[in-house]
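Containing mmCIF, C-alpha atoms; chains and numbers go by the auth columns: data13.cif.
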```cif
data_query
loop_
_atom_site.group_PDB
_atom_site.id
_atom_site.type_symbol
_atom_site.label_atom_id
_atom_site.label_comp_id
_atom_site.label_asym_id
_atom_site.label_seq_id
_atom_site.Cartn_x
_atom_site.Cartn_y
_atom_site.Cartn_z
_atom_site.B_iso_or_equiv
_atom_site.auth_seq_id
_atom_site.auth_asym_id
ATOM 1 C CA MET A 1 116.115 93.432 98.786 0.00 1 A
ATOM 2 C CA SER A 2 114.708 92.611 95.352 0.00 2 A
ATOM 3 C CA SER A 3 111.329 90.937 94.945 0.00 3 A
ATOM 4 C CA GLY A 4 113.133 87.876 93.650 0.00 4 A
ATOM 5 C CA GLY A 5 115.227 87.748 96.818 0.00 5 A
ATOM 6 C CA ILE A 6 112.157 88.046 99.012 0.00 6 A
ATOM 7 C CA GLU A 7 110.459 85.206 97.159 0.00 7 A
ATOM 8 C CA GLU A 8 113.559 83.077 97.644 0.00 8 A
ATOM 9 C CA SER A 9 113.478 83.766 101.389 0.00 9 A
ATOM 10 C CA LYS A 10 109.817 82.733 101.529 0.00 10 A
ATOM 11 C CA LYS A 11 110.642 79.513 99.718 0.00 11 A
ATOM 12 C CA LEU A 12 113.499 78.676 102.087 0.00 12 A
ATOM 13 C CA ALA A 13 111.278 79.176 105.132 0.00 13 A
ATOM 14 C CA ALA A 14 108.480 77.080 103.657 0.00 14 A
ATOM 15 C CA TYR A 15 110.803 74.262 102.641 0.00 15 A
ATOM 16 C CA ALA A 16 112.431 74.134 106.084 0.00 16 A
ATOM 17 C CA ALA A 17 109.055 74.008 107.843 0.00 17 A
ATOM 18 C CA VAL A 18 107.737 71.212 105.631 0.00 18 A
ATOM 19 C CA ASP A 19 110.950 69.188 105.904 0.00 19 A
ATOM 20 C CA LEU A 20 110.869 69.321 109.699 0.00 20 A
ATOM 21 C CA HIS A 21 107.153 69.170 110.461 0.00 21 A
ATOM 22 C CA VAL A 22 105.340 67.265 107.698 0.00 22 A
ATOM 23 C CA GLN A 23 106.373 63.715 108.471 0.00 23 A
ATOM 24 C CA PRO A 24 105.438 60.466 106.658 0.00 24 A
ATOM 25 C CA HIS A 25 102.968 59.461 109.398 0.00 25 A
ATOM 26 C CA HIS A 26 101.031 62.737 109.111 0.00 26 A
ATOM 27 C CA LYS A 27 97.776 62.108 107.255 0.00 27 A
ATOM 28 C CA PHE A 28 95.631 65.200 107.875 0.00 28 A
ATOM 29 C CA ILE A 29 97.289 68.472 106.971 0.00 29 A
ATOM 30 C CA GLY A 30 96.023 72.048 107.004 0.00 30 A
ATOM 31 C CA ILE A 31 97.201 74.410 104.274 0.00 31 A
ATOM 32 C CA GLY A 32 97.104 78.110 105.131 0.00 32 A
ATOM 33 C CA SER A 33 96.820 81.302 103.139 0.00 33 A
ATOM 34 C CA GLY A 34 99.202 83.950 101.883 0.00 34 A
ATOM 35 C CA SER A 35 102.166 84.480 99.614 0.00 35 A
ATOM 36 C CA THR A 36 104.426 81.904 101.324 0.00 36 A
ATOM 37 C CA VAL A 37 101.953 79.030 101.151 0.00 37 A
ATOM 38 C CA PRO A 38 102.485 78.092 97.460 0.00 38 A
ATOM 39 C CA TYR A 39 106.018 77.092 98.419 0.00 39 A
ATOM 40 C CA VAL A 40 104.630 74.952 101.249 0.00 40 A
ATOM 41 C CA VAL A 41 102.481 73.066 98.745 0.00 41 A
ATOM 42 C CA ASP A 42 105.397 72.693 96.318 0.00 42 A
ATOM 43 C CA ARG A 43 107.521 71.087 99.036 0.00 43 A
ATOM 44 C CA ILE A 44 104.724 68.761 100.121 0.00 44 A
ATOM 45 C CA VAL A 45 104.181 67.666 96.522 0.00 45 A
ATOM 46 C CA ALA A 46 107.890 66.775 96.372 0.00 46 A
ATOM 47 C CA GLN A 47 107.269 64.165 99.101 0.00 47 A
ATOM 48 C CA GLY A 48 105.664 62.039 96.371 0.00 48 A
ATOM 49 C CA LYS A 49 104.037 58.774 97.430 0.00 49 A
ATOM 50 C CA ALA A 50 103.622 59.960 101.010 0.00 50 A
ATOM 51 C CA ASN A 51 100.727 62.088 99.746 0.00 51 A
ATOM 52 C CA ASP A 52 98.736 59.157 98.361 0.00 52 A
ATOM 53 C CA ASP A 53 96.752 58.610 101.564 0.00 53 A
ATOM 54 C CA ARG A 54 96.829 62.143 102.920 0.00 54 A
ATOM 55 C CA ILE A 55 93.948 64.607 103.222 0.00 55 A
ATOM 56 C CA PHE A 56 94.585 68.348 102.864 0.00 56 A
ATOM 57 C CA LEU A 57 92.306 71.020 104.294 0.00 57 A
ATOM 58 C CA PRO A 58 92.355 74.633 103.028 0.00 58 A
ATOM 59 C CA THR A 59 91.869 77.857 104.976 0.00 59 A
ATOM 60 C CA GLY A 60 90.355 79.672 102.017 0.00 60 A
ATOM 61 C CA PHE A 61 89.840 79.859 98.278 0.00 61 A
ATOM 62 C CA GLN A 62 93.538 80.390 97.496 0.00 62 A
ATOM 63 C CA SER A 63 94.741 77.319 99.376 0.00 63 A
ATOM 64 C CA LYS A 64 91.850 75.229 98.034 0.00 64 A
ATOM 65 C CA GLU A 65 92.976 76.047 94.501 0.00 65 A
ATOM 66 C CA LEU A 66 96.584 75.199 95.358 0.00 66 A
ATOM 67 C CA ILE A 67 95.554 71.809 96.752 0.00 67 A
ATOM 68 C CA VAL A 68 93.378 70.943 93.758 0.00 68 A
ATOM 69 C CA LYS A 69 95.891 72.098 91.138 0.00 69 A
ATOM 70 C CA ALA A 70 98.652 70.112 92.845 0.00 70 A
ATOM 71 C CA GLY A 71 96.588 66.938 92.544 0.00 71 A
ATOM 72 C CA LEU A 72 96.343 66.474 96.307 0.00 72 A
ATOM 73 C CA THR A 73 93.249 65.102 98.038 0.00 73 A
ATOM 74 C CA LEU A 74 90.955 67.869 99.279 0.00 74 A
ATOM 75 C CA GLY A 75 89.123 67.521 102.575 0.00 75 A
ATOM 76 C CA ASP A 76 86.796 69.620 104.713 0.00 76 A
ATOM 77 C CA ILE A 77 86.820 70.452 108.405 0.00 77 A
ATOM 78 C CA ASP A 78 83.272 69.049 108.641 0.00 78 A
ATOM 79 C CA GLN A 79 84.749 65.612 107.917 0.00 79 A
ATOM 80 C CA TYR A 80 88.189 65.891 109.496 0.00 80 A
ATOM 81 C CA THR A 81 88.051 67.837 112.740 0.00 81 A
ATOM 82 C CA LYS A 82 91.502 66.818 114.033 0.00 82 A
ATOM 83 C CA LEU A 83 94.638 67.572 112.034 0.00 83 A
ATOM 84 C CA ASP A 84 98.240 66.492 112.478 0.00 84 A
ATOM 85 C CA VAL A 85 99.789 69.764 111.371 0.00 85 A
ATOM 86 C CA THR A 86 98.783 73.085 109.812 0.00 86 A
ATOM 87 C CA ILE A 87 101.327 75.357 108.136 0.00 87 A
ATOM 88 C CA ASP A 88 100.352 78.962 107.513 0.00 88 A
ATOM 89 C CA GLY A 89 101.821 82.370 106.809 0.00 89 A
ATOM 90 C CA ALA A 90 101.528 85.504 108.949 0.00 90 A
ATOM 91 C CA ASP A 91 101.534 89.265 108.558 0.00 91 A
ATOM 92 C CA GLU A 92 103.712 89.737 111.647 0.00 92 A
ATOM 93 C CA VAL A 93 105.080 87.544 114.450 0.00 93 A
ATOM 94 C CA ASP A 94 106.352 88.761 117.818 0.00 94 A
ATOM 95 C CA SER A 95 109.064 87.330 120.076 0.00 95 A
ATOM 96 C CA HIS A 96 106.591 84.924 121.738 0.00 96 A
ATOM 97 C CA LEU A 97 105.060 83.708 118.453 0.00 97 A
ATOM 98 C CA ASN A 98 101.903 85.745 118.836 0.00 98 A
ATOM 99 C CA ALA A 99 100.866 86.655 115.309 0.00 99 A
ATOM 100 C CA ILE A 100 98.759 89.079 113.334 0.00 100 A
ATOM 101 C CA LYS A 101 96.948 87.346 110.479 0.00 101 A
ATOM 102 C CA GLY A 102 94.105 88.308 108.198 0.00 102 A
ATOM 103 C CA GLY A 103 95.756 90.539 105.615 0.00 103 A
ATOM 104 C CA GLY A 104 94.044 88.249 103.120 0.00 104 A
ATOM 105 C CA ALA A 105 90.775 88.315 105.129 0.00 105 A
ATOM 106 C CA CYS A 106 90.913 84.574 105.914 0.00 106 A
ATOM 107 C CA GLN A 107 91.475 84.807 109.666 0.00 107 A
ATOM 108 C CA LEU A 108 88.376 82.860 110.733 0.00 108 A
ATOM 109 C CA ARG A 109 89.154 79.755 108.703 0.00 109 A
ATOM 110 C CA GLU A 110 92.854 80.105 109.428 0.00 110 A
ATOM 111 C CA LYS A 111 92.197 80.051 113.171 0.00 111 A
ATOM 112 C CA VAL A 112 89.842 77.075 112.949 0.00 112 A
ATOM 113 C CA LEU A 113 92.509 75.014 111.192 0.00 113 A
ATOM 114 C CA ALA A 114 95.238 76.274 113.512 0.00 114 A
ATOM 115 C CA GLU A 115 93.246 75.169 116.560 0.00 115 A
ATOM 116 C CA ALA A 116 92.347 71.842 114.942 0.00 116 A
ATOM 117 C CA ALA A 117 96.002 70.895 114.453 0.00 117 A
ATOM 118 C CA ASP A 118 98.265 69.142 116.937 0.00 118 A
ATOM 119 C CA THR A 119 101.021 71.405 115.618 0.00 119 A
ATOM 120 C CA TRP A 120 100.624 74.856 114.086 0.00 120 A
ATOM 121 C CA ILE A 121 103.651 76.234 112.250 0.00 121 A
ATOM 122 C CA ILE A 122 104.217 79.733 110.842 0.00 122 A
ATOM 123 C CA VAL A 123 106.292 80.419 107.726 0.00 123 A
ATOM 124 C CA ALA A 124 107.261 83.906 106.569 0.00 124 A
ATOM 125 C CA ASP A 125 110.086 86.046 105.257 0.00 125 A
ATOM 126 C CA TYR A 126 112.337 88.141 107.511 0.00 126 A
ATOM 127 C CA ARG A 127 110.153 91.266 107.133 0.00 127 A
ATOM 128 C CA LYS A 128 107.425 89.671 109.280 0.00 128 A
ATOM 129 C CA LYS A 129 109.717 89.042 112.267 0.00 129 A
ATOM 130 C CA SER A 130 109.293 91.547 115.131 0.00 130 A
ATOM 131 C CA GLU A 131 109.730 91.809 118.865 0.00 131 A
ATOM 132 C CA ILE A 132 106.358 93.515 119.389 0.00 132 A
ATOM 133 C CA LEU A 133 103.304 93.323 117.132 0.00 133 A
ATOM 134 C CA GLY A 134 102.565 96.514 115.222 0.00 134 A
ATOM 135 C CA THR A 135 106.230 97.217 114.541 0.00 135 A
ATOM 136 C CA SER A 136 106.192 96.328 110.846 0.00 136 A
ATOM 137 C CA TRP A 137 102.479 95.661 110.253 0.00 137 A
ATOM 138 C CA HIS A 138 100.853 99.085 110.511 0.00 138 A
ATOM 139 C CA GLN A 139 97.472 98.323 108.950 0.00 139 A
ATOM 140 C CA GLY A 140 96.078 97.117 112.267 0.00 140 A
ATOM 141 C CA VAL A 141 94.388 94.003 113.575 0.00 141 A
ATOM 142 C CA PRO A 142 92.049 92.403 110.994 0.00 142 A
ATOM 143 C CA ILE A 143 88.603 91.875 112.495 0.00 143 A
ATOM 144 C CA GLU A 144 85.922 89.872 110.696 0.00 144 A
ATOM 145 C CA VAL A 145 82.477 91.264 111.466 0.00 145 A
ATOM 146 C CA THR A 146 78.942 90.626 110.270 0.00 146 A
ATOM 147 C CA PRO A 147 77.712 93.262 107.800 0.00 147 A
ATOM 148 C CA PHE A 148 74.790 94.155 110.064 0.00 148 A
ATOM 149 C CA ALA A 149 77.106 95.038 112.964 0.00 149 A
ATOM 150 C CA TYR A 150 80.077 96.703 111.259 0.00 150 A
ATOM 151 C CA ALA A 151 79.047 100.322 111.919 0.00 151 A
ATOM 152 C CA ARG A 152 78.534 99.688 115.641 0.00 152 A
ATOM 153 C CA ALA A 153 81.794 97.744 115.810 0.00 153 A
ATOM 154 C CA LEU A 154 83.662 100.664 114.254 0.00 154 A
ATOM 155 C CA LEU A 155 82.124 103.047 116.767 0.00 155 A
ATOM 156 C CA ILE A 156 83.168 100.878 119.715 0.00 156 A
ATOM 157 C CA LEU A 157 86.689 100.431 118.359 0.00 157 A
ATOM 158 C CA ARG A 158 87.163 104.151 117.817 0.00 158 A
ATOM 159 C CA GLU A 159 85.462 105.556 120.916 0.00 159 A
ATOM 160 C CA LYS A 160 85.885 102.869 123.575 0.00 160 A
ATOM 161 C CA LEU A 161 88.900 100.732 122.669 0.00 161 A
ATOM 162 C CA GLY A 162 91.290 103.414 121.443 0.00 162 A
ATOM 163 C CA SER A 163 91.586 102.448 117.777 0.00 163 A
ATOM 164 C CA ARG A 164 90.746 105.880 116.382 0.00 164 A
ATOM 165 C CA ASN A 165 91.853 104.943 112.868 0.00 165 A
ATOM 166 C CA ALA A 166 89.849 101.729 112.618 0.00 166 A
ATOM 167 C CA THR A 167 88.451 101.437 109.091 0.00 167 A
ATOM 168 C CA LEU A 168 86.288 99.148 107.013 0.00 168 A
ATOM 169 C CA ARG A 169 88.531 97.420 104.484 0.00 169 A
ATOM 170 C CA MET A 170 87.542 98.349 100.944 0.00 170 A
ATOM 171 C CA ALA A 171 88.021 96.181 97.874 0.00 171 A
ATOM 172 C CA LYS A 172 90.513 97.193 95.187 0.00 172 A
ATOM 173 C CA ALA A 173 89.000 95.510 92.135 0.00 173 A
ATOM 174 C CA LYS A 174 85.326 96.105 92.933 0.00 174 A
ATOM 175 C CA ALA A 175 83.199 98.844 94.399 0.00 175 A
ATOM 176 C CA GLY A 176 82.442 98.462 98.071 0.00 176 A
ATOM 177 C CA PRO A 177 83.981 96.576 100.980 0.00 177 A
ATOM 178 C CA VAL A 178 86.020 93.381 101.002 0.00 178 A
ATOM 179 C CA VAL A 179 83.751 90.395 101.562 0.00 179 A
ATOM 180 C CA THR A 180 85.300 87.368 103.273 0.00 180 A
ATOM 181 C CA ASP A 181 84.837 83.741 102.211 0.00 181 A
ATOM 182 C CA ASN A 182 82.143 83.616 104.897 0.00 182 A
ATOM 183 C CA GLY A 183 80.177 86.588 103.544 0.00 183 A
ATOM 184 C CA ASN A 184 81.338 89.019 106.225 0.00 184 A
ATOM 185 C CA PHE A 185 83.172 92.367 106.258 0.00 185 A
ATOM 186 C CA CYS A 186 86.677 93.054 107.527 0.00 186 A
ATOM 187 C CA ILE A 187 87.767 95.935 109.753 0.00 187 A
ATOM 188 C CA ASP A 188 91.419 96.928 110.169 0.00 188 A
ATOM 189 C CA ALA A 189 92.036 98.369 113.635 0.00 189 A
ATOM 190 C CA PRO A 190 95.468 99.800 114.574 0.00 190 A
ATOM 191 C CA PHE A 191 96.355 99.912 118.283 0.00 191 A
ATOM 192 C CA SER A 192 99.070 101.370 120.476 0.00 192 A
ATOM 193 C CA GLU A 193 102.306 99.648 121.409 0.00 193 A
ATOM 194 C CA ALA A 194 100.954 99.221 124.944 0.00 194 A
ATOM 195 C CA ASP A 195 97.996 97.246 123.570 0.00 195 A
ATOM 196 C CA TYR A 196 100.190 95.106 121.334 0.00 196 A
ATOM 197 C CA LYS A 197 102.441 94.212 124.273 0.00 197 A
ATOM 198 C CA ASN A 198 99.530 92.234 125.721 0.00 198 A
ATOM 199 C CA PRO A 199 97.891 90.726 122.631 0.00 199 A
ATOM 200 C CA THR A 200 95.905 88.124 124.578 0.00 200 A
ATOM 201 C CA GLU A 201 94.121 90.826 126.568 0.00 201 A
ATOM 202 C CA LEU A 202 93.496 92.805 123.386 0.00 202 A
ATOM 203 C CA LEU A 203 92.108 89.723 121.679 0.00 203 A
ATOM 204 C CA THR A 204 89.657 89.170 124.531 0.00 204 A
ATOM 205 C CA LYS A 205 88.388 92.766 124.349 0.00 205 A
ATOM 206 C CA LEU A 206 87.861 92.551 120.594 0.00 206 A
ATOM 207 C CA LYS A 207 86.060 89.224 120.732 0.00 207 A
ATOM 208 C CA LEU A 208 83.549 90.691 123.176 0.00 208 A
ATOM 209 C CA ILE A 209 82.283 93.221 120.604 0.00 209 A
ATOM 210 C CA THR A 210 78.865 92.063 119.448 0.00 210 A
ATOM 211 C CA GLY A 211 78.959 91.122 115.780 0.00 211 A
ATOM 212 C CA VAL A 212 82.660 90.237 115.698 0.00 212 A
ATOM 213 C CA VAL A 213 83.090 86.794 114.189 0.00 213 A
ATOM 214 C CA GLU A 214 86.859 86.406 114.552 0.00 214 A
ATOM 215 C CA VAL A 215 89.966 88.460 115.250 0.00 215 A
ATOM 216 C CA GLY A 216 93.297 88.217 113.460 0.00 216 A
ATOM 217 C CA LEU A 217 95.328 87.864 116.657 0.00 217 A
ATOM 218 C CA PHE A 218 96.727 84.353 117.081 0.00 218 A
ATOM 219 C CA CYS A 219 98.043 84.139 120.651 0.00 219 A
ATOM 220 C CA GLY A 220 99.859 81.223 122.255 0.00 220 A
ATOM 221 C CA MET A 221 99.081 78.901 119.359 0.00 221 A
ATOM 222 C CA ALA A 222 102.244 78.401 117.288 0.00 222 A
ATOM 223 C CA LYS A 223 104.865 75.793 118.061 0.00 223 A
ATOM 224 C CA ALA A 224 107.479 77.461 115.864 0.00 224 A
ATOM 225 C CA ALA A 225 107.978 80.116 113.207 0.00 225 A
ATOM 226 C CA TYR A 226 110.398 79.897 110.288 0.00 226 A
ATOM 227 C CA PHE A 227 111.731 83.086 108.728 0.00 227 A
ATOM 228 C CA GLY A 228 113.641 83.124 105.461 0.00 228 A
ATOM 229 C CA ASN A 229 116.512 85.636 105.609 0.00 229 A
ATOM 230 C CA GLU A 230 118.241 87.803 103.033 0.00 230 A
ATOM 231 C CA ASP A 231 121.450 85.759 103.195 0.00 231 A
ATOM 232 C CA GLY A 232 119.735 82.473 102.342 0.00 232 A
ATOM 233 C CA SER A 233 119.570 81.195 105.906 0.00 233 A
ATOM 234 C CA VAL A 234 116.420 80.348 107.860 0.00 234 A
ATOM 235 C CA THR A 235 115.789 81.468 111.441 0.00 235 A
ATOM 236 C CA LEU A 236 113.692 79.202 113.646 0.00 236 A
ATOM 237 C CA ARG A 237 111.955 81.071 116.467 0.00 237 A
ATOM 238 C CA ASN A 238 110.457 79.019 119.303 0.00 238 A
ATOM 239 C CA ALA A 239 107.575 79.920 121.614 0.00 239 A
ATOM 240 C CA ASP A 240 109.976 80.695 124.491 0.00 240 A
ATOM 241 C CA GLY A 241 111.630 83.385 122.384 0.00 241 A
ATOM 242 C CA SER A 242 114.774 81.395 121.648 0.00 242 A
ATOM 243 C CA GLU A 243 116.107 81.340 118.102 0.00 243 A
ATOM 244 C CA GLU A 244 118.388 79.129 116.062 0.00 244 A
ATOM 245 C CA SER A 245 119.619 78.989 112.509 0.00 245 A
ATOM 246 C CA VAL A 246 118.260 76.227 110.293 0.00 246 A
ATOM 247 C CA GLN A 247 119.831 75.280 107.009 0.00 247 A
ATOM 248 C CA GLY A 248 117.441 76.108 104.188 0.00 248 A
ATOM 249 C CA LYS A 249 117.255 73.600 101.346 0.00 249 A
ATOM 250 C CA LYS A 250 116.398 74.537 97.803 0.00 250 A
#
```
Rewrite the structure of this file - the entire thing - as structure tokens.
Amino acid sequence: MSSGGIEESKKLAAYAAVDLHVQPHHKFIGIGSGSTVPYVVDRIVAQGKANDDRIFLPTGFQSKELIVKAGLTLGDIDQYTKLDVTIDGADEVDSHLNAIKGGGACQLREKVLAEAADTWIIVADYRKKSEILGTSWHQGVPIEVTPFAYARALLILREKLGSRNATLRMAKAKAGPVVTDNGNFCIDAPFSEADYKNPTELLTKLKLITGVVEVGLFCGMAKAAYFGNEDGSVTLRNADGSEESVQGKK
């Protein structure tokens, strides 16, 4: 599929999610990170006057810029600790709506806003839809770790937890490692299919590593995921694994 077709599928998924889950009475809204999120903001902006008394909270620098440039009111989790809905992208989503996130190294703030929301919704294109995590996302689980502890964390991942190819994520436009919005490093740790089949257990093991700040496994959190398809349709996947087709609106 062409890049233009993939972008169209992202837009359809984002539009469907906003139309169904960002309602007029929602006043506190979390805006996630990733390549699908600009379409989420575009659709929210199209709701017009409904945005006049809304507050929007970003998960990172990208979404903060989107909120500001769209002329929406920017808020902070320090002020608004309970949200009505957060809509975010994902790197991969399994049949039970467990997700891998953190390809953009924003997993800590993304998880805070996901947990703060009454409803957390995932939007993505069809390439992110899997039955088991690790099927299409081969880079591994993103793990945010303090700089002081990264070497020990890598050792534990490789020698004790079975992620032999765990690596420190390096920056592409600067020398040295990627630095998160929180001043930390990011490790990418691939695991076996057996590990990915029980992501909650894997998440617990990773969180117990000293120095780990947050892990890019989002388990049992999403209410629904919307996937834009090649044919212009949108697939809605629910937490029980059921799916239905939703008409995407342009």
Nearest residue to A:Gly228 from the set A:Leu74, A:Ala46, A:Ala13, A:Cys106 (distances using only C-alpha atoms): A:Ala13
Each residue of stretch 101-164 of chain A with at least one atom at most 9 Å from stretch 49-72 of chain A should appear once, together with its nearest atom pair and the corresponding distance in Å (one decimal); atoms considered: all atoms listed in the file; ordering: chain, then increasing residue number; output as a tab-separated table.
```
residue	atom	partner	partner_atom	distance
A:Cys106	CA	A:Gly60	CA	6.3
A:Gln107	CA	A:Thr59	CA	8.4
A:Leu108	CA	A:Thr59	CA	8.4
A:Arg109	CA	A:Thr59	CA	5.0
A:Glu110	CA	A:Thr59	CA	5.1
A:Lys111	CA	A:Thr59	CA	8.5
A:Val112	CA	A:Thr59	CA	8.3
A:Leu113	CA	A:Thr59	CA	6.9
```
Any chance you could resolve the PyMOL selection byres ((chain A and resi 212) around 9) against this file and give the residues as a PDB file with C-alpha atoms, keeping the file's coordinate frame?
```pdb
ATOM      1  CA  ILE A 143      88.603  91.875 112.495  1.00  0.00           C
ATOM      2  CA  GLU A 144      85.922  89.872 110.696  1.00  0.00           C
ATOM      3  CA  VAL A 145      82.477  91.264 111.466  1.00  0.00           C
ATOM      4  CA  THR A 146      78.942  90.626 110.270  1.00  0.00           C
ATOM      5  CA  ALA A 149      77.106  95.038 112.964  1.00  0.00           C
ATOM      6  CA  TYR A 150      80.077  96.703 111.259  1.00  0.00           C
ATOM      7  CA  ALA A 153      81.794  97.744 115.810  1.00  0.00           C
ATOM      8  CA  LEU A 206      87.861  92.551 120.594  1.00  0.00           C
ATOM      9  CA  LYS A 207      86.060  89.224 120.732  1.00  0.00           C
ATOM     10  CA  LEU A 208      83.549  90.691 123.176  1.00  0.00           C
ATOM     11  CA  ILE A 209      82.283  93.221 120.604  1.00  0.00           C
ATOM     12  CA  THR A 210      78.865  92.063 119.448  1.00  0.00           C
ATOM     13  CA  GLY A 211      78.959  91.122 115.780  1.00  0.00           C
ATOM     14  CA  VAL A 213      83.090  86.794 114.189  1.00  0.00           C
ATOM     15  CA  GLU A 214      86.859  86.406 114.552  1.00  0.00           C
ATOM     16  CA  VAL A 215      89.966  88.460 115.250  1.00  0.00           C
TER      17      VAL A 215
END
```
Determine, counting all atoms listed in the file, which protein, DNA and RNA residues have an atom within 9 Å of an atom of stretch 123-140 of chain A; residues of the same chain fewer than 2 positions away are not included. Present the result as a compact mmCIF listing (two decimals) with C-alpha atoms, in the coordinates of the input.
```
# COMPACT_ATOMS: atom_id res chain seq x y z
CA ILE A 6 112.16 88.05 99.01
CA GLU A 7 110.46 85.21 97.16
CA GLU A 8 113.56 83.08 97.64
CA SER A 9 113.48 83.77 101.39
CA LYS A 10 109.82 82.73 101.53
CA LYS A 11 110.64 79.51 99.72
CA LEU A 12 113.50 78.68 102.09
CA ALA A 13 111.28 79.18 105.13
CA ALA A 14 108.48 77.08 103.66
CA ALA A 16 112.43 74.13 106.08
CA ALA A 17 109.06 74.01 107.84
CA SER A 35 102.17 84.48 99.61
CA THR A 36 104.43 81.90 101.32
CA VAL A 37 101.95 79.03 101.15
CA VAL A 40 104.63 74.95 101.25
CA ILE A 87 101.33 75.36 108.14
CA ASP A 88 100.35 78.96 107.51
CA GLY A 89 101.82 82.37 106.81
CA ALA A 90 101.53 85.50 108.95
CA ASP A 91 101.53 89.26 108.56
CA GLU A 92 103.71 89.74 111.65
CA VAL A 93 105.08 87.54 114.45
CA ASP A 94 106.35 88.76 117.82
CA SER A 95 109.06 87.33 120.08
CA HIS A 96 106.59 84.92 121.74
CA ASN A 98 101.90 85.74 118.84
CA ALA A 99 100.87 86.66 115.31
CA ILE A 100 98.76 89.08 113.33
CA GLY A 103 95.76 90.54 105.62
CA ILE A 121 103.65 76.23 112.25
CA PRO A 142 92.05 92.40 110.99
CA SER A 163 91.59 102.45 117.78
CA ASN A 165 91.85 104.94 112.87
CA ALA A 166 89.85 101.73 112.62
CA ILE A 187 87.77 95.94 109.75
CA ASP A 188 91.42 96.93 110.17
CA ALA A 189 92.04 98.37 113.64
CA PRO A 190 95.47 99.80 114.57
CA PHE A 191 96.36 99.91 118.28
CA SER A 192 99.07 101.37 120.48
CA GLU A 193 102.31 99.65 121.41
CA TYR A 196 100.19 95.11 121.33
CA LYS A 197 102.44 94.21 124.27
CA PRO A 199 97.89 90.73 122.63
CA ALA A 224 107.48 77.46 115.86
CA ALA A 225 107.98 80.12 113.21
CA TYR A 226 110.40 79.90 110.29
CA PHE A 227 111.73 83.09 108.73
CA GLY A 228 113.64 83.12 105.46
CA ASN A 229 116.51 85.64 105.61
CA GLU A 230 118.24 87.80 103.03
CA VAL A 234 116.42 80.35 107.86
CA THR A 235 115.79 81.47 111.44
```
For atom CA of A:Asp181 and atom CA of A:Ala105, the interatomic separation in Å (one decimal):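 Separation between atom CA of A:Asp181 and atom CA of A:Ala105: 8.0 Å.
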Shortest interatomic distance to A:Gly102 - which of A:Leu155, A:Val178, A:Val22, A:Ala194, counting all atoms listed in the file: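 Looking only at the distances to A:Gly102, the closest residue turns out to be A:Val178.
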Which residue of A:Glu243, A:Glu115, A:Glu159, A:Asp42 approaches A:Asp19 most closely, using all atoms listed in the file: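 Looking only at the distances to A:Asp19, the closest residue turns out to be A:Asp42.
You will find atom CA of A:Gly75 at 18.6 Å from atom CA of A:Gln23.
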